[in-house]
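Raw run_16.csv, CSV, C-alpha atoms:
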chain,number,residue,atom,x,y,z
G,13,MET,CA,-18.3,3.9,10.3
G,14,GLU,CA,-20.6,3.4,7.3
G,15,SER,CA,-22.9,6.4,8.0
G,16,ASP,CA,-20.6,9.0,6.4
G,17,GLY,CA,-20.2,7.1,3.1
G,18,LEU,CA,-21.6,10.0,1.0
G,19,ARG,CA,-19.3,12.6,2.5
G,20,ARG,CA,-16.5,13.7,0.1
G,21,ARG,CA,-13.2,12.5,1.3
G,22,PRO,CA,-9.6,13.5,0.4
G,23,VAL,CA,-7.9,10.9,-1.7
G,24,LEU,CA,-4.4,10.0,-2.8
G,25,PRO,CA,-4.6,8.9,-6.5
G,26,PHE,CA,-2.0,6.6,-8.0
G,27,GLY,CA,-2.0,8.8,-11.1
G,28,ILE,CA,-2.6,5.6,-13.2
G,29,ALA,CA,-6.1,5.5,-14.9
G,30,PRO,CA,-6.5,1.7,-14.8
G,31,ILE,CA,-6.1,1.7,-11.0
G,32,ASP,CA,-7.7,5.0,-10.0
G,33,GLU,CA,-10.8,4.2,-12.1
G,34,ARG,CA,-11.3,0.9,-10.2
G,35,LEU,CA,-11.0,2.5,-6.8
G,36,ALA,CA,-14.4,3.7,-5.6
G,37,PRO,CA,-13.3,7.2,-4.5
G,38,GLY,CA,-10.8,7.6,-7.4
G,39,GLY,CA,-7.7,6.9,-5.2
G,40,LEU,CA,-6.7,5.8,-1.7
G,41,ARG,CA,-8.7,7.7,1.0
G,42,LEU,CA,-6.3,9.6,3.2
G,43,ASP,CA,-8.4,9.3,6.3
G,44,SER,CA,-8.5,5.5,6.3
G,45,LEU,CA,-6.6,2.3,7.0
G,46,HIS,CA,-5.2,0.3,4.1
G,47,GLU,CA,-3.8,-3.2,4.4
G,48,ILE,CA,-1.0,-4.7,2.4
G,49,SER,CA,0.5,-8.2,2.3
G,50,ALA,CA,3.1,-10.0,0.4
G,51,ALA,CA,1.8,-12.8,-1.8
G,52,SER,CA,4.3,-15.2,-0.2
G,53,PRO,CA,7.0,-15.2,2.5
G,54,ALA,CA,9.6,-15.1,-0.2
G,55,PRO,CA,12.0,-12.2,0.3
G,56,SER,CA,11.3,-10.8,-3.2
G,57,ASP,CA,7.5,-10.6,-2.5
G,58,ASP,CA,8.1,-9.2,1.0
G,59,ALA,CA,10.4,-6.5,-0.5
G,60,ALA,CA,7.8,-5.7,-3.2
G,61,ALA,CA,5.1,-5.2,-0.6
G,62,THR,CA,7.3,-3.0,1.5
G,63,LEU,CA,8.3,-0.8,-1.4
G,64,PHE,CA,4.7,-0.6,-2.5
G,65,MET,CA,3.8,0.9,0.9
G,66,ALA,CA,6.9,3.2,0.8
G,67,GLY,CA,5.7,4.5,-2.6
G,68,ILE,CA,2.3,5.4,-1.2
G,69,ALA,CA,3.8,7.0,1.9
G,70,ALA,CA,6.3,9.0,-0.3
G,71,ARG,CA,3.4,10.6,-2.2
G,72,ALA,CA,1.6,11.6,1.0
G,73,TRP,CA,2.3,15.0,2.6
G,74,GLY,CA,4.6,15.6,5.5
G,75,PRO,CA,6.5,13.3,7.9
G,76,VAL,CA,6.1,9.5,7.9
G,77,LEU,CA,6.0,7.5,11.1
G,78,TRP,CA,7.1,3.9,10.4
G,79,VAL,CA,6.7,1.5,13.3
G,80,VAL,CA,8.6,-1.8,13.2
G,81,ARG,CA,9.1,-5.0,15.2
G,82,ARG,CA,12.6,-5.6,13.8
G,83,ARG,CA,15.3,-3.4,12.4
G,84,ASP,CA,15.3,-4.8,8.9
G,85,LEU,CA,14.3,-1.8,6.8
G,86,PHE,CA,16.8,-0.8,4.1
G,87,ALA,CA,16.8,3.0,4.0
G,88,PRO,CA,18.4,3.3,0.5
G,89,GLY,CA,15.7,1.0,-0.9
G,90,LEU,CA,13.0,3.2,0.6
G,91,TYR,CA,14.8,6.2,-0.8
G,92,GLN,CA,14.7,4.7,-4.3
G,93,ALA,CA,10.9,4.3,-3.9
G,94,GLY,CA,10.6,8.1,-3.2
G,95,LEU,CA,10.7,8.0,0.6
G,96,ALA,CA,13.6,10.3,1.7
G,97,PRO,CA,15.3,9.6,5.0
G,98,GLY,CA,14.6,13.2,6.2
G,99,ARG,CA,10.9,12.5,6.2
G,100,LEU,CA,11.1,9.2,8.2
G,101,ILE,CA,10.5,8.8,11.9
G,102,TYR,CA,11.2,5.3,13.1
G,103,ALA,CA,9.7,3.7,16.2
G,104,GLU,CA,10.4,0.2,17.4
G,105,ALA,CA,7.7,-1.9,19.2
G,106,ALA,CA,8.2,-4.8,21.5
G,107,ASP,CA,5.2,-6.7,20.1
G,108,ASP,CA,2.2,-6.4,17.8
G,109,ALA,CA,0.0,-4.8,20.6
G,110,GLU,CA,2.5,-2.1,21.2
G,111,LEU,CA,3.0,-1.5,17.5
G,112,LEU,CA,-0.8,-1.0,17.0
G,113,ALA,CA,-1.0,1.3,19.9
G,114,LEU,CA,1.9,3.4,18.5
G,115,MET,CA,0.2,3.6,15.1
G,116,GLU,CA,-3.1,4.7,16.7
G,117,GLU,CA,-1.3,7.4,18.7
G,118,GLY,CA,0.5,8.6,15.5
G,119,LEU,CA,-2.8,8.8,13.6
G,120,ARG,CA,-4.5,10.8,16.3
G,121,HIS,CA,-1.6,13.3,16.3
G,122,ARG,CA,-2.8,14.8,13.0
G,123,GLY,CA,0.7,16.1,12.1
G,124,LEU,CA,1.9,13.2,10.1
G,125,GLY,CA,1.4,12.4,6.4
G,126,ALA,CA,1.4,8.7,6.8
G,127,VAL,CA,1.6,6.1,9.6
G,128,VAL,CA,3.1,2.7,8.6
G,129,GLY,CA,3.3,-0.5,10.6
G,130,GLU,CA,4.1,-4.2,10.1
G,131,VAL,CA,2.4,-6.9,12.1
G,132,LYS,CA,1.8,-10.6,12.0
G,133,ARG,CA,-1.6,-10.5,13.7
G,134,ALA,CA,-4.3,-7.8,14.0
G,135,ALA,CA,-7.8,-8.7,14.9
G,136,MET,CA,-10.9,-6.8,13.7
G,137,PRO,CA,-11.1,-4.7,16.9
G,138,ASN,CA,-7.5,-3.6,16.3
G,139,THR,CA,-8.1,-2.5,12.7
G,140,ARG,CA,-11.4,-0.8,13.7
G,141,ARG,CA,-9.5,1.3,16.2
G,142,LEU,CA,-7.0,2.3,13.6
G,143,GLN,CA,-9.7,3.2,11.1
G,144,LEU,CA,-11.5,5.3,13.7
G,145,ALA,CA,-8.3,7.0,14.6
G,146,ALA,CA,-7.6,7.9,11.0
G,147,GLU,CA,-11.1,9.3,10.3
G,148,GLY,CA,-11.4,13.1,10.3
G,149,GLY,CA,-7.8,13.6,9.4
G,150,LYS,CA,-5.5,13.5,6.4
G,151,THR,CA,-3.0,10.9,7.7
G,152,ILE,CA,-3.1,7.7,5.7
G,153,ALA,CA,-2.7,4.5,7.7
G,154,LEU,CA,-0.8,1.6,6.0
G,155,LEU,CA,-0.6,-1.7,7.8
G,156,MET,CA,1.5,-4.6,6.4
G,157,LYS,CA,0.3,-8.0,7.4
G,158,ARG,CA,3.4,-10.3,7.5
G,159,HIS,CA,3.3,-14.0,7.0
G,160,ALA,CA,3.3,-15.9,10.3
G,161,ARG,CA,5.2,-19.0,11.0
G,162,ALA,CA,3.3,-22.2,9.9
G,163,ALA,CA,2.9,-23.4,13.5
G,164,ASN,CA,1.0,-20.2,14.5
G,165,ASP,CA,-0.7,-19.4,11.2
G,166,LYS,CA,-4.5,-19.7,11.5
G,167,GLY,CA,-5.2,-18.0,8.2
G,168,GLY,CA,-4.1,-20.9,6.0
G,169,GLY,CA,-1.0,-19.1,4.8
G,170,ASN,CA,-3.0,-16.0,3.9
G,171,PRO,CA,-2.4,-12.9,6.1
G,172,LEU,CA,-5.5,-11.3,4.7
G,173,ALA,CA,-7.8,-14.1,5.7
G,174,VAL,CA,-8.6,-12.4,9.1
G,175,PRO,CA,-11.5,-9.9,8.8
G,176,SER,CA,-10.5,-6.3,8.9
G,177,ALA,CA,-12.0,-2.8,9.0
G,178,ALA,CA,-9.5,-1.6,6.4
G,179,MET,CA,-10.8,0.5,3.5
G,180,THR,CA,-8.7,-1.5,1.0
G,181,ARG,CA,-6.6,-4.6,1.1
G,182,TRP,CA,-3.8,-5.3,-1.3
G,183,ARG,CA,-1.6,-8.4,-2.1
G,184,ILE,CA,1.7,-7.7,-3.8
G,185,ALA,CA,4.1,-10.1,-5.6
G,186,SER,CA,7.2,-9.7,-7.7
G,187,ALA,CA,6.7,-10.5,-11.4
G,188,PRO,CA,9.2,-11.2,-14.2
G,189,SER,CA,10.7,-8.1,-15.6
G,190,GLY,CA,10.0,-7.2,-19.2
G,191,PRO,CA,12.5,-7.0,-22.0
G,192,LEU,CA,14.6,-3.8,-22.3
G,193,PRO,CA,14.2,-1.5,-25.3
G,194,VAL,CA,16.5,-2.3,-28.2
G,195,GLY,CA,19.9,-0.7,-27.6
G,196,ASP,CA,19.5,-0.5,-23.8
G,197,ALA,CA,21.8,-2.3,-21.4
G,198,GLY,CA,21.6,-3.2,-17.8
G,199,VAL,CA,18.6,-4.4,-15.8
G,200,GLY,CA,15.0,-3.4,-16.6
G,201,ARG,CA,12.6,-1.8,-14.1
G,202,ALA,CA,11.2,-4.4,-11.7
G,203,ARG,CA,7.6,-5.5,-12.1
G,204,TRP,CA,5.0,-6.3,-9.5
G,205,GLN,CA,1.7,-8.1,-9.6
G,206,VAL,CA,-0.6,-5.7,-7.8
G,207,GLU,CA,-3.9,-7.2,-6.5
G,208,LEU,CA,-6.7,-5.2,-5.0
G,209,VAL,CA,-8.1,-8.0,-2.9
G,210,ARG,CA,-11.0,-6.0,-1.3
G,211,GLN,CA,-12.3,-2.5,-1.2
G,212,ARG,CA,-15.3,-1.0,0.6
G,213,GLY,CA,-17.8,0.0,-1.9
G,214,GLY,CA,-16.0,-1.4,-4.9
G,215,GLU,CA,-14.8,-4.5,-6.7
G,216,SER,CA,-11.5,-6.3,-6.6
G,217,ALA,CA,-9.0,-6.0,-9.5
G,218,GLU,CA,-5.5,-7.1,-10.5
G,219,TRP,CA,-2.7,-5.5,-12.6
G,220,ILE,CA,0.9,-6.0,-13.6
G,221,MET,CA,2.8,-2.8,-12.9
G,222,GLU,CA,6.3,-1.5,-13.0
G,223,ALA,CA,7.8,-0.9,-9.6
G,224,CYS,CA,7.8,2.5,-7.8
G,225,ASP,CA,10.3,5.0,-9.2
G,226,GLU,CA,12.1,7.7,-7.2
G,227,THR,CA,8.9,9.7,-6.9
G,228,GLY,CA,6.9,6.8,-5.4
G,229,ARG,CA,4.9,6.2,-8.6
G,230,LEU,CA,4.0,3.0,-10.3
G,231,ALA,CA,3.9,2.8,-14.1
G,232,LEU,CA,2.2,0.7,-16.7
G,233,PRO,CA,4.6,-1.6,-18.6
G,234,ALA,CA,5.7,-0.1,-21.9
G,235,ARG,CA,3.9,-2.6,-24.0
G,236,LEU,CA,0.6,-1.7,-22.3
G,237,VAL,CA,1.2,2.0,-22.8
G,238,ASP,CA,1.9,1.4,-26.5
G,239,ARG,CA,-1.3,-0.7,-26.8
G,240,THR,CA,-3.4,2.0,-25.1
G,241,ALA,CA,-1.9,4.7,-27.3
G,242,GLY,CA,-2.6,2.6,-30.4
G,243,ALA,CA,-6.2,2.0,-29.4
G,244,GLY,CA,-6.6,5.8,-28.9
G,245,ARG,CA,-5.2,6.5,-32.4
G,246,ALA,CA,-7.5,3.9,-33.9
G,247,LEU,CA,-10.5,5.4,-32.2
G,248,SER,CA,-9.5,8.9,-33.4
G,249,ARG,CA,-9.3,7.6,-37.0
G,250,ALA,CA,-12.6,5.9,-36.7
G,251,ALA,CA,-14.2,9.1,-35.5
Could you express the structure from this file as structure tokens?
Amino acid sequence: MESDGLRRRPVLPFGIAPIDERLAPGGLRLDSLHEISAASPAPSDDAAATLFMAGIAARAWGPVLWVVRRRDLFAPGLYQAGLAPGRLIYAEAADDAELLALMEEGLRHRGLGAVVGEVKRAAMPNTRRLQLAAEGGKTIALLMKRHARAANDKGGGNPLAVPSAAMTRWRIASAPSGPLPVGDAGVGRARWQVELVRQRGGESAEWIMEACDETGRLALPARLVDRTAGAGRALSRAA
């Protein structure tokens, strides 16, 4: 799996320089497995992690296979994150083993833009099979690690504590929304704490981002955009 590290791989960039510059290949590799987890079992964090995955899948090409254990996906919410109902293919699995097998089969099909699944437990051999199934294609694999019940949790409350063959591992949490611009009314765009916990060939990182829009794209908070623009103007004057 490590022997082809120098080969050029197709990637899916976020389109946000602070993130893409920290990812080793300049984006998410399409022929790889990426893991996502909510920072806590709280519904707000779980929803943020789900919509983060939906935004990535929305920016991939073609149909999206989403394998679930329970029928709790909210289609209008996925649509607001850019994932249109017409692109979605749902599959329901009886247990984690069947879910992982369905994901592997979807990845080997080569006709899907993304394969998404949600599990509580996936050991290293399971994730290695998904990574190998994804290699050589352009179907991105997104695996959400859900929080297990306390009695069965061997990861100390951290779904990402178990070793994995995933190319990147992400932890997502909801964050306080920023103030609205003067004169605006209503609710501001949600904000997430986006943490790149691990990546192969690169370092970890963390950002505060505005939630996915209807195109599946994150955004820098307005104050950070203003600060970046101001720094650019200052450098131009100094030059």
Which residues of stretch 101-199 of chain G come within 7 Å of stretch 65-85 of chain G, and what is each one's closest atom pair and distance in Å (one decimal), counting all atoms listed in the file, sorted by chain and residue number, as a tab-separated table?
residue	atom	partner	partner_atom	distance
G:Ile101	CA	G:Leu77	CA	4.8
G:Tyr102	CA	G:Trp78	CA	5.1
G:Ala103	CA	G:Val79	CA	4.7
G:Glu104	CA	G:Val80	CA	5.0
G:Ala105	CA	G:Arg81	CA	5.3
G:Ala106	CA	G:Arg81	CA	6.4
G:Asp107	CA	G:Arg81	CA	6.5
G:Leu111	CA	G:Val79	CA	6.4
G:Leu124	CA	G:Pro75	CA	5.1
G:Gly125	CA	G:Gly74	CA	4.6
G:Ala126	CA	G:Val76	CA	4.9
G:Val127	CA	G:Leu77	CA	4.9
G:Val128	CA	G:Trp78	CA	4.5
G:Gly129	CA	G:Val79	CA	4.8
G:Glu130	CA	G:Val80	CA	6.0
G:Leu154	CA	G:Met65	CA	6.9
Set out as CSV a contact list for stretch 83-180 of chain G and stretch 34-52 of chain G with a cut-off of 12 Å, giving each residue of stretch 83-180 of chain G that qualifies its closest atom pair and distance in Å to one decimal, counting all atoms listed in the file, ordered by chain and rising residue number.
residue,atom,partner,partner_atom,distance
G:Met115,CA,G:Leu45,CA,10.7
G:Glu116,CA,G:Leu45,CA,10.6
G:Leu119,CA,G:Asp43,CA,9.2
G:Arg120,CA,G:Asp43,CA,10.8
G:Arg122,CA,G:Asp43,CA,10.3
G:Leu124,CA,G:Leu42,CA,11.3
G:Gly125,CA,G:Leu42,CA,8.8
G:Ala126,CA,G:Leu42,CA,8.5
G:Val127,CA,G:Leu45,CA,9.4
G:Val128,CA,G:His46,CA,9.7
G:Gly129,CA,G:Glu47,CA,9.8
G:Glu130,CA,G:Ile48,CA,9.2
G:Val131,CA,G:Ser49,CA,10.1
G:Lys132,CA,G:Ser49,CA,10.1
G:Arg133,CA,G:Ser49,CA,11.8
G:Ala134,CA,G:Glu47,CA,10.7
G:Asn138,CA,G:Leu45,CA,11.1
G:Thr139,CA,G:Leu45,CA,7.6
G:Arg140,CA,G:Leu45,CA,8.8
G:Arg141,CA,G:Leu45,CA,9.7
G:Leu142,CA,G:Leu45,CA,6.6
G:Gln143,CA,G:Leu45,CA,5.2
G:Leu144,CA,G:Ser44,CA,8.0
G:Ala145,CA,G:Ser44,CA,8.4
G:Ala146,CA,G:Asp43,CA,5.0
G:Glu147,CA,G:Asp43,CA,4.8
G:Gly148,CA,G:Asp43,CA,6.3
G:Gly149,CA,G:Asp43,CA,5.3
G:Lys150,CA,G:Asp43,CA,5.1
G:Thr151,CA,G:Leu42,CA,5.7
G:Ile152,CA,G:Leu42,CA,4.5
G:Ala153,CA,G:Leu45,CA,4.5
G:Leu154,CA,G:His46,CA,5.0
G:Leu155,CA,G:Glu47,CA,4.9
G:Met156,CA,G:Ile48,CA,4.7
G:Lys157,CA,G:Ser49,CA,5.1
G:Arg158,CA,G:Ser49,CA,6.3
G:His159,CA,G:Ser52,CA,7.4
G:Ala160,CA,G:Ser52,CA,10.6
G:Arg161,CA,G:Ser52,CA,11.9
G:Gly168,CA,G:Ser52,CA,11.9
G:Gly169,CA,G:Ser52,CA,8.3
G:Asn170,CA,G:Ala51,CA,8.1
G:Pro171,CA,G:Ser49,CA,6.7
G:Leu172,CA,G:Ser49,CA,7.2
G:Ala173,CA,G:Ser49,CA,10.7
G:Val174,CA,G:Glu47,CA,11.4
G:Pro175,CA,G:Glu47,CA,11.1
G:Ser176,CA,G:Glu47,CA,8.6
G:Ala177,CA,G:Leu45,CA,7.7
G:Ala178,CA,G:Leu45,CA,4.9
G:Met179,CA,G:His46,CA,5.6
G:Thr180,CA,G:His46,CA,5.0
What is the distance between atom CA of G:Ala187 and atom CA of G:Arg99, in Å to one decimal? 29.3 Å
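In this structure, atom CA of G:Gln92 sits 8.0 Å away from atom CA of G:Cys224.
Considering the residues G:Pro137, G:Asp32, G:Arg201, G:Phe64 and counting all atoms listed in the file, G:Ala109 has its shortest atom-to-atom contact with G:Pro137.
The coordinates place atom CA of G:Leu232 at 23.7 Å from atom CA of G:Ala96.
Residue nearest G:Ile220, chosen from G:Pro30, G:Gly123, G:Pro53, G:Gly200 and counting all atoms listed in the file: G:Pro30.
By all atoms listed in the file, and with residues fewer than 6 positions from G:Ala217 along its chain excluded, the set lying at most 9 Å from it is Ile31, Arg34, Val206, Glu207, Leu208, Val209 and Arg210 of chain G.
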